[in-house]
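Everything below belongs to coords-v8.cif, which stores mmCIF, C-alpha atoms and all ligand atoms.
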```cif
data_target
loop_
_atom_site.group_PDB
_atom_site.id
_atom_site.type_symbol
_atom_site.label_atom_id
_atom_site.label_comp_id
_atom_site.auth_asym_id
_atom_site.auth_seq_id
_atom_site.Cartn_x
_atom_site.Cartn_y
_atom_site.Cartn_z
ATOM 1 C CA MET Q 1 -11.924 127.943 62.800
ATOM 2 C CA LYS Q 2 -14.588 127.243 60.145
ATOM 3 C CA HIS Q 3 -12.716 124.557 58.137
ATOM 4 C CA LEU Q 4 -9.536 122.488 58.511
ATOM 5 C CA LEU Q 5 -8.057 122.531 55.011
ATOM 6 C CA SER Q 6 -4.347 122.988 55.688
ATOM 7 C CA ILE Q 7 -2.035 122.706 58.680
ATOM 8 C CA GLU Q 8 -0.667 126.108 57.563
ATOM 9 C CA ASP Q 9 -3.941 127.680 58.746
ATOM 10 C CA VAL Q 10 -3.552 126.339 62.291
ATOM 11 C CA SER Q 11 -1.608 128.423 64.820
ATOM 12 C CA ARG Q 12 0.526 127.015 67.643
ATOM 13 C CA GLU Q 13 -2.206 128.157 70.044
ATOM 14 C CA ASP Q 14 -4.836 126.248 68.020
ATOM 15 C CA ILE Q 15 -2.629 123.133 68.014
ATOM 16 C CA GLU Q 16 -2.093 123.317 71.780
ATOM 17 C CA ARG Q 17 -5.826 123.744 72.384
ATOM 18 C CA ILE Q 18 -6.718 120.823 70.072
ATOM 19 C CA CYS Q 19 -4.071 118.602 71.735
ATOM 20 C CA ALA Q 20 -5.351 119.547 75.222
ATOM 21 C CA ARG Q 21 -8.902 118.613 74.192
ATOM 22 C CA ALA Q 22 -7.658 115.373 72.627
ATOM 23 C CA GLY Q 23 -5.960 114.579 75.947
ATOM 24 C CA ALA Q 24 -9.209 115.181 77.822
ATOM 25 C CA PHE Q 25 -11.077 112.942 75.370
ATOM 26 C CA ALA Q 26 -8.361 110.273 75.814
ATOM 27 C CA GLU Q 27 -9.105 110.179 79.561
ATOM 28 C CA ASN Q 28 -12.766 109.755 78.712
ATOM 29 C CA GLN Q 29 -11.952 106.807 76.448
ATOM 30 C CA GLN Q 30 -10.743 104.855 79.513
ATOM 31 C CA ARG Q 31 -14.265 104.858 80.949
ATOM 32 C CA GLU Q 32 -16.872 102.167 80.395
ATOM 33 C CA ILE Q 33 -19.179 104.643 78.629
ATOM 34 C CA LYS Q 34 -16.980 106.340 76.045
ATOM 35 C CA LYS Q 35 -19.583 108.593 74.441
ATOM 36 C CA VAL Q 36 -20.018 112.262 75.274
ATOM 37 C CA PRO Q 37 -23.025 114.307 74.137
ATOM 38 C CA ALA Q 38 -21.027 117.158 72.557
ATOM 39 C CA LEU Q 39 -22.320 116.718 68.988
ATOM 40 C CA ARG Q 40 -25.747 115.249 69.694
ATOM 41 C CA GLY Q 41 -28.069 116.242 66.822
ATOM 42 C CA ARG Q 42 -25.159 117.099 64.498
ATOM 43 C CA THR Q 43 -24.403 115.180 61.293
ATOM 44 C CA VAL Q 44 -20.940 114.273 60.010
ATOM 45 C CA LEU Q 45 -20.524 113.052 56.425
ATOM 46 C CA ASN Q 46 -17.413 111.027 55.589
ATOM 47 C CA LEU Q 47 -16.789 111.519 51.853
ATOM 48 C CA PHE Q 48 -14.085 109.069 50.753
ATOM 49 C CA TYR Q 49 -12.850 108.925 47.151
ATOM 50 C CA GLU Q 50 -9.740 106.957 48.042
ATOM 51 C CA ALA Q 51 -8.916 103.831 50.023
ATOM 52 C CA SER Q 52 -8.383 104.403 53.739
ATOM 53 C CA THR Q 53 -8.312 102.270 56.876
ATOM 54 C CA ARG Q 54 -7.065 104.518 59.691
ATOM 55 C CA THR Q 55 -8.495 107.908 58.708
ATOM 56 C CA ARG Q 56 -11.889 106.568 57.780
ATOM 57 C CA SER Q 57 -12.403 104.322 60.820
ATOM 58 C CA SER Q 58 -11.111 106.940 63.246
ATOM 59 C CA PHE Q 59 -13.265 109.764 61.864
ATOM 60 C CA GLU Q 60 -16.320 107.502 62.059
ATOM 61 C CA LEU Q 61 -15.495 106.472 65.601
ATOM 62 C CA ALA Q 62 -14.645 110.045 66.606
ATOM 63 C CA ALA Q 63 -17.982 111.376 65.365
ATOM 64 C CA LYS Q 64 -19.910 108.526 67.035
ATOM 65 C CA ARG Q 65 -18.077 108.977 70.347
ATOM 66 C CA LEU Q 66 -19.226 112.619 70.220
ATOM 67 C CA SER Q 67 -22.820 111.386 69.646
ATOM 68 C CA ALA Q 68 -23.078 112.788 66.101
ATOM 69 C CA ASP Q 69 -25.056 111.056 63.356
ATOM 70 C CA VAL Q 70 -22.625 109.703 60.753
ATOM 71 C CA VAL Q 71 -23.101 109.109 57.024
ATOM 72 C CA ASN Q 72 -20.319 107.192 55.267
ATOM 73 C CA PHE Q 73 -19.932 107.766 51.531
ATOM 74 C CA SER Q 74 -17.498 105.769 49.364
ATOM 75 C CA ALA Q 75 -17.035 106.645 45.718
ATOM 76 C CA SER Q 76 -16.978 102.924 45.045
ATOM 77 C CA GLY Q 77 -20.567 101.680 44.866
ATOM 78 C CA SER Q 78 -21.987 105.207 44.562
ATOM 79 C CA SER Q 79 -23.384 107.217 41.631
ATOM 80 C CA THR Q 80 -19.827 108.423 41.031
ATOM 81 C CA GLU Q 81 -19.478 105.161 39.105
ATOM 82 C CA LYS Q 82 -22.312 106.390 36.837
ATOM 83 C CA GLY Q 83 -20.401 109.585 36.077
ATOM 84 C CA GLU Q 84 -21.649 111.977 38.798
ATOM 85 C CA SER Q 85 -19.117 114.756 39.417
ATOM 86 C CA LEU Q 86 -17.580 115.707 42.771
ATOM 87 C CA LYS Q 87 -19.538 118.986 42.754
ATOM 88 C CA ASP Q 88 -22.882 117.288 42.054
ATOM 89 C CA THR Q 89 -22.156 114.644 44.694
ATOM 90 C CA VAL Q 90 -21.328 117.299 47.308
ATOM 91 C CA GLN Q 91 -24.408 119.340 46.479
ATOM 92 C CA THR Q 92 -26.604 116.222 46.503
ATOM 93 C CA LEU Q 93 -25.316 115.050 49.889
ATOM 94 C CA SER Q 94 -25.471 118.620 51.249
ATOM 95 C CA ALA Q 95 -29.234 118.393 50.815
ATOM 96 C CA HIS Q 96 -29.081 116.108 53.903
ATOM 97 C CA ARG Q 97 -27.737 119.169 55.809
ATOM 98 C CA PRO Q 98 -24.453 117.748 57.174
ATOM 99 C CA ASP Q 99 -22.700 119.985 59.719
ATOM 100 C CA ALA Q 100 -19.265 118.701 58.703
ATOM 101 C CA ILE Q 101 -17.893 116.907 55.641
ATOM 102 C CA VAL Q 102 -14.671 114.925 55.965
ATOM 103 C CA VAL Q 103 -13.026 114.693 52.530
ATOM 104 C CA ARG Q 104 -10.426 112.100 51.455
ATOM 105 C CA CYS Q 105 -9.551 112.253 47.765
ATOM 106 C CA PRO Q 106 -6.577 111.959 45.408
ATOM 107 C CA TRP Q 107 -6.976 115.529 44.029
ATOM 108 C CA ALA Q 108 -4.793 118.230 45.588
ATOM 109 C CA GLY Q 109 -6.919 121.220 46.577
ATOM 110 C CA ALA Q 110 -10.295 119.499 46.183
ATOM 111 C CA PRO Q 111 -11.352 119.995 49.863
ATOM 112 C CA ALA Q 112 -10.993 123.781 49.382
ATOM 113 C CA LEU Q 113 -13.291 123.557 46.341
ATOM 114 C CA VAL Q 114 -15.792 121.479 48.317
ATOM 115 C CA ALA Q 115 -15.862 124.263 50.927
ATOM 116 C CA GLU Q 116 -17.223 126.603 48.231
ATOM 117 C CA TRP Q 117 -20.081 124.258 47.332
ATOM 118 C CA THR Q 118 -21.628 123.666 50.761
ATOM 119 C CA ASP Q 119 -22.331 125.411 54.060
ATOM 120 C CA ALA Q 120 -20.815 122.511 56.041
ATOM 121 C CA ALA Q 121 -17.453 122.703 57.808
ATOM 122 C CA ILE Q 122 -14.868 120.891 55.665
ATOM 123 C CA ILE Q 123 -12.052 118.747 57.023
ATOM 124 C CA ASN Q 124 -9.261 117.745 54.663
ATOM 125 C CA ALA Q 125 -8.666 114.063 55.416
ATOM 126 C CA GLY Q 126 -5.888 113.775 52.842
ATOM 127 C CA ASP Q 127 -5.876 115.306 49.342
ATOM 128 C CA GLY Q 128 -3.340 113.394 47.320
ATOM 129 C CA LYS Q 129 0.156 114.865 47.149
ATOM 130 C CA HIS Q 130 -0.987 117.972 49.031
ATOM 131 C CA GLU Q 131 -1.863 117.660 52.759
ATOM 132 C CA HIS Q 132 -3.238 115.500 55.531
ATOM 133 C CA PRO Q 133 -3.645 118.018 58.381
ATOM 134 C CA THR Q 134 -5.283 115.699 60.921
ATOM 135 C CA GLN Q 135 -2.351 113.295 60.434
ATOM 136 C CA ALA Q 136 -0.008 116.186 61.264
ATOM 137 C CA LEU Q 137 -2.041 116.981 64.389
ATOM 138 C CA LEU Q 138 -2.151 113.397 65.628
ATOM 139 C CA ASP Q 139 1.600 113.058 65.021
ATOM 140 C CA ILE Q 140 2.250 116.156 67.142
ATOM 141 C CA TYR Q 141 -0.134 114.873 69.840
ATOM 142 C CA THR Q 142 1.520 111.420 69.890
ATOM 143 C CA LEU Q 143 5.032 112.823 70.178
ATOM 144 C CA ASN Q 144 4.025 115.360 72.787
ATOM 145 C CA ARG Q 145 2.413 112.621 74.918
ATOM 146 C CA ARG Q 146 5.557 110.477 74.694
ATOM 147 C CA LEU Q 147 8.138 113.241 75.180
ATOM 148 C CA GLY Q 148 6.251 115.878 77.186
ATOM 149 C CA SER Q 149 7.415 118.642 74.829
ATOM 150 C CA LEU Q 150 8.599 119.102 71.258
ATOM 151 C CA ASP Q 151 10.975 121.916 72.171
ATOM 152 C CA ASP Q 152 14.727 121.257 71.977
ATOM 153 C CA LEU Q 153 14.527 118.027 69.992
ATOM 154 C CA HIS Q 154 17.427 117.256 67.588
ATOM 155 C CA GLU Q 155 17.604 115.317 64.398
ATOM 156 C CA ALA Q 156 17.038 111.662 64.549
ATOM 157 C CA ASP Q 157 15.460 111.934 68.027
ATOM 158 C CA VAL Q 158 12.491 110.858 65.929
ATOM 159 C CA VAL Q 159 12.610 108.966 62.649
ATOM 160 C CA TYR Q 160 9.488 109.365 60.510
ATOM 161 C CA ALA Q 161 9.173 106.848 57.696
ATOM 162 C CA LEU Q 162 6.783 107.014 54.763
ATOM 163 C CA ARG Q 163 5.530 104.438 52.299
ATOM 164 C CA MET Q 164 6.521 104.788 48.647
ATOM 165 C CA GLN Q 165 3.213 106.151 47.327
ATOM 166 C CA ASN Q 166 3.275 104.372 43.985
ATOM 167 C CA GLU Q 167 -0.330 105.357 43.290
ATOM 168 C CA ARG Q 168 0.781 109.015 43.070
ATOM 169 C CA MET Q 169 3.882 108.415 40.919
ATOM 170 C CA GLN Q 170 3.821 108.697 37.155
ATOM 171 C CA GLN Q 171 7.374 107.449 36.706
ATOM 172 C CA ALA Q 172 9.465 104.617 38.096
ATOM 173 C CA TYR Q 173 11.922 106.455 40.349
ATOM 174 C CA LEU Q 174 13.724 103.348 41.557
ATOM 175 C CA PRO Q 175 15.332 100.422 39.799
ATOM 176 C CA SER Q 176 13.449 98.072 42.154
ATOM 177 C CA MET Q 177 11.856 97.881 45.593
ATOM 178 C CA ARG Q 178 14.475 95.301 46.536
ATOM 179 C CA GLU Q 179 17.250 97.839 45.843
ATOM 180 C CA TYR Q 180 15.343 100.595 47.669
ATOM 181 C CA ALA Q 181 14.942 98.351 50.709
ATOM 182 C CA SER Q 182 18.575 97.364 50.631
ATOM 183 C CA LEU Q 183 19.764 101.005 50.512
ATOM 184 C CA PHE Q 184 17.169 102.857 52.587
ATOM 185 C CA GLN Q 185 15.068 100.493 54.692
ATOM 186 C CA ILE Q 186 14.965 101.456 58.374
ATOM 187 C CA ASN Q 187 15.903 98.293 60.196
ATOM 188 C CA ALA Q 188 17.374 97.437 63.588
ATOM 189 C CA ARG Q 189 20.874 98.257 62.290
ATOM 190 C CA ARG Q 190 19.899 101.717 61.014
ATOM 191 C CA LEU Q 191 17.493 102.824 63.780
ATOM 192 C CA GLY Q 192 19.386 104.588 66.560
ATOM 193 C CA ALA Q 193 19.090 103.002 69.994
ATOM 194 C CA ARG Q 194 17.244 106.041 71.393
ATOM 195 C CA SER Q 195 15.351 107.178 68.282
ATOM 196 C CA LEU Q 196 11.587 106.970 68.272
ATOM 197 C CA LEU Q 197 10.006 105.581 65.103
ATOM 198 C CA MET Q 198 6.837 106.935 63.491
ATOM 199 C CA HIS Q 199 4.914 106.028 60.327
ATOM 200 C CA PRO Q 200 1.403 107.177 59.299
ATOM 201 C CA GLY Q 201 0.488 103.748 57.899
ATOM 202 C CA PRO Q 202 -0.164 101.715 55.919
ATOM 203 C CA VAL Q 203 3.305 100.173 56.266
ATOM 204 C CA ASN Q 204 4.810 98.064 53.518
ATOM 205 C CA ARG Q 205 6.695 95.693 55.812
ATOM 206 C CA GLY Q 206 10.042 94.673 54.409
ATOM 207 C CA VAL Q 207 10.211 97.794 52.172
ATOM 208 C CA GLU Q 208 10.555 101.096 54.078
ATOM 209 C CA LEU Q 209 10.565 99.358 57.490
ATOM 210 C CA SER Q 210 11.748 95.935 58.542
ATOM 211 C CA ASP Q 211 9.408 93.714 60.546
ATOM 212 C CA GLU Q 212 11.471 94.022 63.717
ATOM 213 C CA VAL Q 213 11.349 97.845 63.882
ATOM 214 C CA VAL Q 214 7.589 98.035 63.168
ATOM 215 C CA ASP Q 215 6.960 96.019 66.324
ATOM 216 C CA CYS Q 216 9.808 97.260 68.543
ATOM 217 C CA ALA Q 217 9.409 99.298 71.755
ATOM 218 C CA GLN Q 218 10.673 102.448 69.987
ATOM 219 C CA SER Q 219 7.790 102.291 67.497
ATOM 220 C CA LEU Q 220 4.917 104.748 68.058
ATOM 221 C CA ILE Q 221 2.898 103.466 65.104
ATOM 222 C CA LEU Q 222 -0.033 102.025 67.050
ATOM 223 C CA GLU Q 223 -0.004 105.020 69.421
ATOM 224 C CA GLN Q 224 -0.447 107.188 66.312
ATOM 225 C CA VAL Q 225 -3.499 105.129 65.321
ATOM 226 C CA ALA Q 226 -5.019 105.395 68.816
ATOM 227 C CA ALA Q 227 -4.333 109.146 68.838
ATOM 228 C CA GLY Q 228 -6.254 109.421 65.556
ATOM 229 C CA VAL Q 229 -9.595 108.939 67.297
ATOM 230 C CA VAL Q 230 -9.149 111.475 70.104
ATOM 231 C CA VAL Q 231 -7.433 114.080 67.904
ATOM 232 C CA ARG Q 232 -10.221 113.803 65.326
ATOM 233 C CA MET Q 233 -12.767 114.106 68.148
ATOM 234 C CA ALA Q 234 -10.977 117.312 69.162
ATOM 235 C CA VAL Q 235 -11.007 118.628 65.572
ATOM 236 C CA LEU Q 236 -14.720 117.901 65.135
ATOM 237 C CA PHE Q 237 -15.368 119.519 68.496
ATOM 238 C CA GLU Q 238 -13.288 122.571 67.526
ATOM 239 C CA LEU Q 239 -15.230 123.093 64.300
ATOM 240 C CA LEU Q 240 -18.731 122.250 65.481
ATOM 241 C CA ALA Q 241 -19.026 122.797 69.209
ATOM 242 C CA ALA Q 242 -16.200 124.847 70.689
ATOM 243 C CA SER Q 243 -18.440 127.859 71.186
ATOM 244 C CA ARG Q 244 -21.055 125.818 73.078
ATOM 245 C CA ALA Q 245 -21.299 125.310 76.803
ATOM 246 C CA PHE Q 246 -19.851 121.766 77.081
ATOM 247 C CA ASP Q 247 -16.052 121.698 76.962
ATOM 248 C CA PRO Q 248 -13.931 118.717 78.099
ATOM 249 C CA VAL Q 249 -11.024 121.028 78.944
ATOM 250 C CA PRO Q 250 -11.350 123.674 81.672
ATOM 251 C CA GLU Q 251 -10.547 127.176 80.378
ATOM 252 C CA HIS Q 252 -7.225 127.446 82.235
ATOM 253 C CA GLN Q 253 -5.821 124.264 80.629
ATOM 254 C CA SER Q 254 -6.520 125.119 76.999
ATOM 255 C CA ALA Q 255 -4.072 128.024 76.494
HETATM 256 N N1 LIG C 1 -2.408 107.444 57.602
HETATM 257 C C1 LIG C 1 -3.464 107.284 56.799
HETATM 258 O O1 LIG C 1 -3.990 108.251 56.238
HETATM 259 O O2 LIG C 1 -3.898 105.989 56.677
HETATM 260 P P1 LIG C 1 -5.146 105.518 55.816
HETATM 261 O O3 LIG C 1 -4.787 105.720 54.359
HETATM 262 O O4 LIG C 1 -5.344 104.065 56.183
HETATM 263 O O5 LIG C 1 -6.314 106.373 56.203
#
```
Structure re-expressed in structure tokens:
Amino acid sequence: MKHLLSIEDVSREDIERICARAGAFAENQQREIKKVPALRGRTVLNLFYEASTRTRSSFELAAKRLSADVVNFSASGSSTEKGESLKDTVQTLSAHRPDAIVVRCPWAGAPALVAEWTDAAIINAGDGKHEHPTQALLDIYTLNRRLGSLDDLHEADVVYALRMQNERMQQAYLPSMREYASLFQINARRLGARSLLMHPGPVNRGVELSDEVVDCAQSLILEQVAAGVVVRMAVLFELLAASRAFDPVPEHQSA
């Protein structure tokens, strides 16, 4: 794999290998020294054109735990505010020879364009209404860890809630958030007794989820956040180091 632009490009075998590596990294994270030398001497550039808490912090931590050098770029406070284009910014920062560029932006398809402007491996860290492939991977990893397998699940074994992404909506689709919450909010009454609850964050408490379900034992929300670090370590490893000698997963476990 050269880039991670879309979950459609990732086979079941790739997903199982990435999840196995993430599991091996998770064991490592229990130790006092959490760093491994897998990406020593490599440079990861986090290019963020949109607000982010989870994706940004976990990619930074993932790269640092793999011993990579990390450069964090935010559009806010950069020459983007003076009118510099995405292409010029990518080409400028590529002069620092990053091995991987992690791209979060509001423009669908922009990470694929970035891949044409640089030699670095590109990871789509969310491109607006389009995709967020590392979120998909960490969701699979989280569920697999909790349930042991994703085979033979049925509807509402897992309830996955999303925030109303008002920043991506041109029209008002709802009379009011109060009415939306009243009709659709997942609360203790609506969540099945055995259903697991997931949400990528950030949660608008009291809108799509009630306070009590965010914090209940069925909620996997914080497990998803924790999985973000080890899954992103596994993705960076897959793109930058999988062909090298060090591998946290013995050959026979990765198939
Ligand atoms: N889930 C997710 O992408 O969260 P952030 O916007 O905080 O990165």
Resolved residues for the PyMOL selection byres (((not hetatm)) within 6 of (chain C and resi 1)) as an MDAnalysis selection string: chainID Q and resid 52:56 200:202
Run the PyMOL selection byres (((chain Q and resi 14) around 12) and not hetatm) mentally over the shown coordinates, then write out the matched residues as a compact mmCIF listing (two decimals) with C-alpha atoms, in the frame of the given file, using the chain letters and numbers from the document.
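So part.txt came out as:
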```txt
# COMPACT_ATOMS: atom_id res chain seq x y z
CA MET Q 1 -11.92 127.94 62.80
CA LEU Q 4 -9.54 122.49 58.51
CA ILE Q 7 -2.04 122.71 58.68
CA GLU Q 8 -0.67 126.11 57.56
CA ASP Q 9 -3.94 127.68 58.75
CA VAL Q 10 -3.55 126.34 62.29
CA SER Q 11 -1.61 128.42 64.82
CA ARG Q 12 0.53 127.02 67.64
CA GLU Q 13 -2.21 128.16 70.04
CA ILE Q 15 -2.63 123.13 68.01
CA GLU Q 16 -2.09 123.32 71.78
CA ARG Q 17 -5.83 123.74 72.38
CA ILE Q 18 -6.72 120.82 70.07
CA CYS Q 19 -4.07 118.60 71.74
CA ALA Q 20 -5.35 119.55 75.22
CA ARG Q 21 -8.90 118.61 74.19
CA LEU Q 137 -2.04 116.98 64.39
CA ALA Q 234 -10.98 117.31 69.16
CA VAL Q 235 -11.01 118.63 65.57
CA GLU Q 238 -13.29 122.57 67.53
CA LEU Q 239 -15.23 123.09 64.30
CA ALA Q 242 -16.20 124.85 70.69
CA SER Q 254 -6.52 125.12 77.00
CA ALA Q 255 -4.07 128.02 76.49
```
Between Q:Asp99, Q:Glu27, Q:Asp88, Q:Glu50, which is the closest to Q:Val71 once you count only C-alpha atoms? Q:Asp99
What does the PyMOL selection byres (((chain Q and resi 184-196) around 7) and not hetatm) select in this file, as a PyMOL selection string? chain Q and resi 156-159+180-183+197-198+207-210+212-213+218-219
What is the atom CA of Q:Ala63 to atom CA of Q:Glu81 distance in Å?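 Separation between atom CA of Q:Ala63 and atom CA of Q:Glu81: 27.0 Å.
Interatomic distance, atom CA of Q:Lys34 against atom CA of Q:Arg145: 20.4 Å.
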When you count only C-alpha atoms, which of these residues is closest to Q:Ala136: Q:Asn124, Q:Cys105, Q:Ala51, Q:Glu155? Q:Asn124
Just give me the gap between atom CA of Q:Arg146 and atom CA of Q:Ser6 in Å, one decimal is fine.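 Straight-line distance from atom CA of Q:Arg146 to atom CA of Q:Ser6 works out to 24.8 Å.
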Smallest atom-to-atom distance to Q:Ile101: which of Q:Leu236, Q:Ala227, Q:Leu138, Q:Ala75, using all atoms listed in the file? Q:Leu236
Hey, which of Q:Leu47, Q:Met169, Q:Gly23, Q:Asn72 ends up closest to Q:Val114? Count all atoms listed in the file. Q:Leu47
Given all atoms listed in the file as the basis, pick out the residue of Q:Ile123, Q:Ala95, Q:Ala226, Q:Met233 nearest to Q:Arg65. Q:Met233
Shortest contact to Q:Met177, candidates Q:Gly126, Q:Gln91, Q:Gly206, Q:Ser78, atoms counted all atoms listed in the file, goes to Q:Gly206
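Around Q:Asp69, within 9 Å and counting only C-alpha atoms, the residues found are Leu39, Arg40, Gly41, Arg42, Thr43, Val44, Leu45, Ala63, Lys64, Ser67 and Val71 of chain Q, once anything fewer than 2 positions away on its own chain is removed.
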Would you save the residues of that selection, restricted to C-alpha atoms, as a tab-separated table (two decimals), keeping the file's coordinate frame?
```
chain	number	residue	atom	x	y	z
Q	39	LEU	CA	-22.32	116.72	68.99
Q	40	ARG	CA	-25.75	115.25	69.69
Q	41	GLY	CA	-28.07	116.24	66.82
Q	42	ARG	CA	-25.16	117.10	64.50
Q	43	THR	CA	-24.40	115.18	61.29
Q	44	VAL	CA	-20.94	114.27	60.01
Q	45	LEU	CA	-20.52	113.05	56.42
Q	63	ALA	CA	-17.98	111.38	65.36
Q	64	LYS	CA	-19.91	108.53	67.04
Q	67	SER	CA	-22.82	111.39	69.65
Q	71	VAL	CA	-23.10	109.11	57.02
```
Each side padded by 6 Å, which centre and which edge lengths in Å (one decimal) define the axis-aligned box around the listed atoms of stretch 78-95 of chain Q? Give them as JSON.
```
{"center_x": -23.4, "center_y": 112.3, "center_z": 43.7, "size_x": 23.7, "size_y": 26.2, "size_z": 27.2}
```
